[in-house]
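Q: Below: one structure in structure tokens.
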Amino acid sequence: MIIDAHAHVDEVKAFGWYDPPEKLIRFMDRYGIDRAVILTYADEPGPEGALQRLLGYMRRYPKRFIPFLRMDPRYDVAQRILQDAVEQHGVKGLKLHPISNVCTPFSPLTVELIRLAGRLGVPTLFHSGDVALSLPWQIGRAAQLCPDAVIIMGHMGGFLHAEEAIRVAERHPNIILETSAMPYPHLIKEAVRRLGAERVVFGSDQPAAHPQVELKKIDVAGLTEQEKQLVLGENIARLLRL
Ligand SMILES: [Zn+2]
């Protein structure tokens, strides 16, 4: 079974990213992806009503989509919304994109939200990359402050910081690296070698990135069959108790 740990669905024209669920389902069907963690582009709370759309997508494709709620930690009400979303609506994780709301990954309100996710038993997926507010060391600091929460580092540091992402994950056992939109297959192999195959998960960032390219990276990384199974689906299934 192939599970994509990072995919996008949202329909807010103002963002310039317009990706209705059918677009994702077509990609998933075409490239043999059974299930996908879905993320909106909008934050909750926020004027676009991200949670309601996320829940709607989940109801339309309950066997294919695994909803993570993208949140803006600046609002006190975020904690109550996250708790409700997980306990009442079956949301399976928290997504944070620190660049969109200009919140440092280790700011007090962000840390409180990550800790709450940990208590609720769901992971936090961070956007990571090459610009400030999303650098691996900054996410590492959040991991250090939230030892009881699982943190998935999306894009495993991106173009220039993938090696740093591996080093940071070595220091913080609660960090999992996610492979999407990072161009180096040999660093996926390196992450598996240094962290263990259990701490690396396949993600595609589709439909912006192409799932065939993202799957090919895993294919050519030089992993054993068993390691591939873990990375392509078994790890995220275990993490989310699917
Ligand atoms: Zn993404």
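Starting from 1 in every chain, residues are counted up; chains themselves are A, B, ... following the order of the structure tokens, and ligands are numbered from 1 as listed.
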Around ligand 1, at most 7 Å away and counting only C-alpha atoms and all ligand atoms, which residues are there? Put them as a PyMOL selection string, please.
A: chain A and resi 6-8+127+205
Q: Would you pick out the contacts of Met182 (chain A) at 10 Å or less, using only C-alpha atoms, so that residues sharing its chain but fewer than 3 positions from it are not included, and give the list as a VMD selection string?
A: chain A and resid 129 154 to 162 178 to 179 185 187 to 188 204 214 217
Q: Those residues with N, CA and C atoms, as a CSV table (one decimal), in the first residue's frame please?
A:
```
chain,number,residue,atom,x,y,z
A,129,GLY,N,12.1,24.2,4.8
A,129,GLY,CA,12.8,24.6,3.6
A,129,GLY,C,13.9,25.5,3.8
A,154,GLY,N,8.2,18.2,6.8
A,154,GLY,CA,7.9,18.2,5.4
A,154,GLY,C,9.0,18.7,4.5
A,155,HIS,N,9.2,18.1,3.4
A,155,HIS,CA,10.3,18.4,2.4
A,155,HIS,C,11.7,18.2,2.9
A,156,MET,N,11.8,17.6,4.1
A,156,MET,CA,13.1,17.3,4.8
A,156,MET,C,14.2,18.4,4.5
A,157,GLY,N,13.8,19.6,4.7
A,157,GLY,CA,14.8,20.7,4.6
A,157,GLY,C,14.9,21.4,3.3
A,158,GLY,N,14.3,20.7,2.2
A,158,GLY,CA,14.3,21.4,0.9
A,158,GLY,C,15.6,21.3,0.2
A,159,PHE,N,15.8,22.2,-0.7
A,159,PHE,CA,16.9,22.1,-1.7
A,159,PHE,C,18.3,22.2,-1.0
A,160,LEU,N,18.5,23.2,-0.1
A,160,LEU,CA,19.8,23.5,0.5
A,160,LEU,C,20.0,22.9,1.9
A,161,HIS,N,18.9,22.5,2.5
A,161,HIS,CA,19.0,22.1,3.9
A,161,HIS,C,18.6,20.7,4.2
A,162,ALA,N,18.7,19.8,3.2
A,162,ALA,CA,18.3,18.4,3.5
A,162,ALA,C,19.4,17.7,4.4
A,178,GLU,N,10.0,13.8,5.9
A,178,GLU,CA,9.1,13.5,4.8
A,178,GLU,C,9.8,14.0,3.5
A,179,THR,N,9.7,13.2,2.4
A,179,THR,CA,10.6,13.3,1.3
A,179,THR,C,10.2,14.3,0.1
A,185,PRO,N,17.7,12.0,-4.3
A,185,PRO,CA,17.4,10.6,-3.8
A,185,PRO,C,18.5,10.1,-2.9
A,187,LEU,N,20.0,11.5,-0.6
A,187,LEU,CA,19.9,11.9,0.8
A,187,LEU,C,18.7,11.2,1.5
A,188,ILE,N,17.8,10.6,0.7
A,188,ILE,CA,16.7,9.8,1.2
A,188,ILE,C,17.4,8.5,1.8
A,204,SER,N,4.5,13.6,-1.5
A,204,SER,CA,4.6,14.0,-2.9
A,204,SER,C,4.5,15.5,-3.1
A,214,GLU,N,8.0,12.1,-7.7
A,214,GLU,CA,8.3,11.9,-6.3
A,214,GLU,C,8.4,10.4,-6.0
A,217,LYS,N,11.9,9.1,-7.1
A,217,LYS,CA,12.9,9.4,-6.1
A,217,LYS,C,13.1,8.2,-5.1
```
Q: Show which residues sit within 8 Å of region 40-47 of chain A, as number ranges by chain. Count only C-alpha atoms, and ignore same-chain residues fewer than 2 positions away.
A: A: 8-10, 12, 15, 17, 38, 49-51, 54, 69-72, 75, 77-78, 81
Q: Would you save the residues from that selection as an mmCIF file, in the first residue's frame, using N, CA and C atoms?
A:
```
data_model
loop_
_atom_site.group_PDB
_atom_site.id
_atom_site.type_symbol
_atom_site.label_atom_id
_atom_site.label_comp_id
_atom_site.auth_asym_id
_atom_site.auth_seq_id
_atom_site.Cartn_x
_atom_site.Cartn_y
_atom_site.Cartn_z
ATOM 1 N N HIS A 8 -2.101 18.109 -1.380
ATOM 2 C CA HIS A 8 -2.922 19.304 -1.175
ATOM 3 C C HIS A 8 -4.256 19.258 -1.898
ATOM 4 N N VAL A 9 -5.271 19.733 -1.182
ATOM 5 C CA VAL A 9 -6.588 19.942 -1.763
ATOM 6 C C VAL A 9 -7.091 21.267 -1.209
ATOM 7 N N ASP A 10 -7.518 22.153 -2.070
ATOM 8 C CA ASP A 10 -8.194 23.359 -1.579
ATOM 9 C C ASP A 10 -8.784 24.101 -2.769
ATOM 10 N N VAL A 12 -9.666 27.794 -2.916
ATOM 11 C CA VAL A 12 -9.782 29.224 -2.666
ATOM 12 C C VAL A 12 -9.064 29.921 -3.805
ATOM 13 N N PHE A 15 -5.809 32.306 -3.602
ATOM 14 C CA PHE A 15 -4.430 31.864 -3.373
ATOM 15 C C PHE A 15 -3.669 31.636 -4.678
ATOM 16 N N TRP A 17 -3.621 28.861 -6.047
ATOM 17 C CA TRP A 17 -3.490 27.413 -6.049
ATOM 18 C C TRP A 17 -4.915 26.886 -5.973
ATOM 19 N N ILE A 38 -4.196 14.873 3.360
ATOM 20 C CA ILE A 38 -4.559 16.092 2.628
ATOM 21 C C ILE A 38 -4.454 17.326 3.523
ATOM 22 N N GLY A 49 -12.354 29.576 6.045
ATOM 23 C CA GLY A 49 -13.078 28.410 6.559
ATOM 24 C C GLY A 49 -12.459 27.072 6.149
ATOM 25 N N ALA A 50 -11.169 26.913 6.419
ATOM 26 C CA ALA A 50 -10.435 25.714 5.982
ATOM 27 C C ALA A 50 -11.004 24.422 6.551
ATOM 28 N N LEU A 51 -11.385 24.436 7.818
ATOM 29 C CA LEU A 51 -11.818 23.185 8.457
ATOM 30 C C LEU A 51 -13.056 22.608 7.781
ATOM 31 N N LEU A 54 -12.104 21.025 4.561
ATOM 32 C CA LEU A 54 -11.322 19.805 4.816
ATOM 33 C C LEU A 54 -12.251 18.640 5.177
ATOM 34 N N LEU A 69 -5.195 19.217 9.749
ATOM 35 C CA LEU A 69 -5.717 20.579 9.780
ATOM 36 C C LEU A 69 -4.586 21.606 9.805
ATOM 37 N N ARG A 70 -4.568 22.442 8.779
ATOM 38 C CA ARG A 70 -3.561 23.511 8.719
ATOM 39 C C ARG A 70 -4.013 24.665 9.604
ATOM 40 N N MET A 71 -3.148 25.088 10.531
ATOM 41 C CA MET A 71 -3.590 26.051 11.535
ATOM 42 C C MET A 71 -2.665 27.245 11.651
ATOM 43 N N ASP A 72 -3.280 28.332 12.108
ATOM 44 C CA ASP A 72 -2.557 29.562 12.421
ATOM 45 C C ASP A 72 -2.453 29.645 13.938
ATOM 46 N N TYR A 75 -3.824 32.482 17.170
ATOM 47 C CA TYR A 75 -5.111 32.670 17.839
ATOM 48 C C TYR A 75 -5.283 31.676 18.985
ATOM 49 N N VAL A 77 -7.911 30.604 20.180
ATOM 50 C CA VAL A 77 -9.002 29.680 19.867
ATOM 51 C C VAL A 77 -8.507 28.470 19.042
ATOM 52 N N ALA A 78 -7.305 28.581 18.494
ATOM 53 C CA ALA A 78 -6.761 27.478 17.687
ATOM 54 C C ALA A 78 -6.739 26.173 18.479
ATOM 55 N N ILE A 81 -10.172 24.599 18.621
ATOM 56 C CA ILE A 81 -10.543 24.109 17.282
ATOM 57 C C ILE A 81 -9.813 22.801 16.967
#
```
Q: Which residues of region 175-212 of chain A have any atom within 10 Å of an atom in region 130-151 of chain A when counting only C-alpha atoms, and what is the closest pair of atoms for each, with the distance in Å to one decimal? Order the rows by chain and rising number and write it as CSV.
A:
```
residue,atom,partner,partner_atom,distance
A:Ile175,CA,A:Ile151,CA,4.9
A:Ile176,CA,A:Ile151,CA,6.1
A:Leu177,CA,A:Ile151,CA,8.5
```
Q: Which residue gives the smallest distance to Leu125 (chain A) among A:Leu96, A:Leu24, A:Leu232, A:Leu240, with only C-alpha atoms counted?
A: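 Among the listed residues, A:Leu96 lies closest to Leu125 (chain A).
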Q: From the options A:Glu163, A:Pro73, A:Val192, A:Met28, which residue's atoms come nearest to Asn101 (chain A), counting only C-alpha atoms?
A: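 Distance minimum relative to Asn101 (chain A) lands on A:Pro73.
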Q: So which one's closest to Val213 (chain A), A:Thr124, A:Ser180, A:Gln83, A:Asn174? Using only C-alpha atoms, please.
A: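 So, comparing all the options, the nearest one is A:Ser180.
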Q: Please return as a VMD selection string: the residues of region 13-49 of chain A that backbone DSSP assigns to strand (DSSP E or B).
A: chain A and resid 18 to 19 35 to 39 44
Q: Can those selected residues be exported to a file as a JSON list (two decimals), in the first residue's frame so that it contains N, CA and C atoms?
A:
```json
[["chain", "number", "residue", "atom", "x", "y", "z"],
["A", 18, "TYR", "N", -5.40, 26.31, -7.03],
["A", 18, "TYR", "CA", -6.80, 25.85, -7.02],
["A", 18, "TYR", "C", -6.82, 24.36, -7.34],
["A", 19, "ASP", "N", -6.96, 23.55, -6.32],
["A", 19, "ASP", "CA", -6.81, 22.11, -6.48],
["A", 19, "ASP", "C", -8.00, 21.35, -5.88],
["A", 35, "ARG", "N", -3.77, 6.07, -0.54],
["A", 35, "ARG", "CA", -4.33, 7.08, 0.37],
["A", 35, "ARG", "C", -3.38, 8.27, 0.44],
["A", 36, "ALA", "N", -3.91, 9.42, 0.84],
["A", 36, "ALA", "CA", -3.05, 10.60, 0.95],
["A", 36, "ALA", "C", -3.47, 11.47, 2.13],
["A", 37, "VAL", "N", -2.47, 11.96, 2.84],
["A", 37, "VAL", "CA", -2.71, 13.00, 3.84],
["A", 37, "VAL", "C", -3.04, 14.27, 3.07],
["A", 38, "ILE", "N", -4.20, 14.87, 3.36],
["A", 38, "ILE", "CA", -4.56, 16.09, 2.63],
["A", 38, "ILE", "C", -4.45, 17.33, 3.52],
["A", 39, "LEU", "N", -3.98, 18.39, 2.87],
["A", 39, "LEU", "CA", -3.75, 19.66, 3.54],
["A", 39, "LEU", "C", -4.38, 20.75, 2.70],
["A", 44, "GLU", "N", -6.62, 27.57, 9.50],
["A", 44, "GLU", "CA", -7.75, 27.66, 10.42],
["A", 44, "GLU", "C", -7.19, 28.10, 11.77]]
```
Q: Given the choices A:His172, A:Arg193, A:His89, A:Lys23, which gets closest to Pro62 (chain A) if the distance is worked out from only C-alpha atoms?
A: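 So, comparing all the options, the nearest one is A:His89.
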Q: Pull the alpha helix (DSSP H) assignments for region 34-153 of chain A out of DSSP run on the backbone, and list those residues as a VMD selection string.
A: chain A and resid 50 to 60 77 to 89 98 to 101 108 to 120 136 to 145
Q: Mind dumping the selected residues with C-alpha atoms as an mmCIF file, in the first residue's frame?
A:
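Full text of part_16.cif as output:
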```cif
data_model
loop_
_atom_site.group_PDB
_atom_site.id
_atom_site.type_symbol
_atom_site.label_atom_id
_atom_site.label_comp_id
_atom_site.auth_asym_id
_atom_site.auth_seq_id
_atom_site.Cartn_x
_atom_site.Cartn_y
_atom_site.Cartn_z
ATOM 1 C CA ALA A 50 -10.435 25.714 5.982
ATOM 2 C CA LEU A 51 -11.818 23.185 8.457
ATOM 3 C CA GLN A 52 -15.252 22.956 6.891
ATOM 4 C CA ARG A 53 -13.804 22.343 3.438
ATOM 5 C CA LEU A 54 -11.322 19.805 4.816
ATOM 6 C CA LEU A 55 -14.141 17.865 6.471
ATOM 7 C CA GLY A 56 -16.172 18.034 3.285
ATOM 8 C CA TYR A 57 -13.303 16.492 1.288
ATOM 9 C CA MET A 58 -12.914 13.781 3.894
ATOM 10 C CA ARG A 59 -16.632 12.935 3.666
ATOM 11 C CA ARG A 60 -16.414 12.714 -0.134
ATOM 12 C CA VAL A 77 -9.002 29.680 19.867
ATOM 13 C CA ALA A 78 -6.761 27.478 17.687
ATOM 14 C CA GLN A 79 -6.331 25.045 20.566
ATOM 15 C CA ARG A 80 -10.048 24.478 21.027
ATOM 16 C CA ILE A 81 -10.543 24.109 17.282
ATOM 17 C CA LEU A 82 -7.760 21.527 17.025
ATOM 18 C CA GLN A 83 -9.097 19.516 19.938
ATOM 19 C CA ASP A 84 -12.609 19.463 18.457
ATOM 20 C CA ALA A 85 -11.314 18.612 14.999
ATOM 21 C CA VAL A 86 -9.406 15.598 16.315
ATOM 22 C CA GLU A 87 -11.888 14.369 18.912
ATOM 23 C CA GLN A 88 -15.169 15.117 17.128
ATOM 24 C CA HIS A 89 -14.314 15.040 13.445
ATOM 25 C CA PRO A 98 5.274 29.011 9.640
ATOM 26 C CA ILE A 99 5.936 31.246 6.629
ATOM 27 C CA SER A 100 2.250 31.842 5.952
ATOM 28 C CA ASN A 101 1.548 33.161 9.417
ATOM 29 C CA PRO A 108 5.121 29.942 22.670
ATOM 30 C CA LEU A 109 1.719 29.673 20.966
ATOM 31 C CA THR A 110 3.099 27.307 18.320
ATOM 32 C CA VAL A 111 4.671 25.134 21.006
ATOM 33 C CA GLU A 112 1.392 25.000 22.938
ATOM 34 C CA LEU A 113 -0.431 23.831 19.814
ATOM 35 C CA ILE A 114 2.173 21.151 19.025
ATOM 36 C CA ARG A 115 2.043 19.905 22.614
ATOM 37 C CA LEU A 116 -1.746 19.707 22.408
ATOM 38 C CA ALA A 117 -1.460 17.679 19.192
ATOM 39 C CA GLY A 118 0.922 15.367 21.059
ATOM 40 C CA ARG A 119 -1.558 14.922 23.920
ATOM 41 C CA LEU A 120 -4.296 14.193 21.382
ATOM 42 C CA PRO A 136 15.495 22.568 10.080
ATOM 43 C CA TRP A 137 17.224 23.906 13.189
ATOM 44 C CA GLN A 138 14.140 26.013 13.978
ATOM 45 C CA ILE A 139 11.908 22.964 13.714
ATOM 46 C CA GLY A 140 14.463 21.043 15.764
ATOM 47 C CA ARG A 141 14.063 23.607 18.541
ATOM 48 C CA ALA A 142 10.301 22.993 18.466
ATOM 49 C CA ALA A 143 10.926 19.233 18.635
ATOM 50 C CA GLN A 144 13.152 19.761 21.650
ATOM 51 C CA LEU A 145 10.454 21.796 23.426
#
```
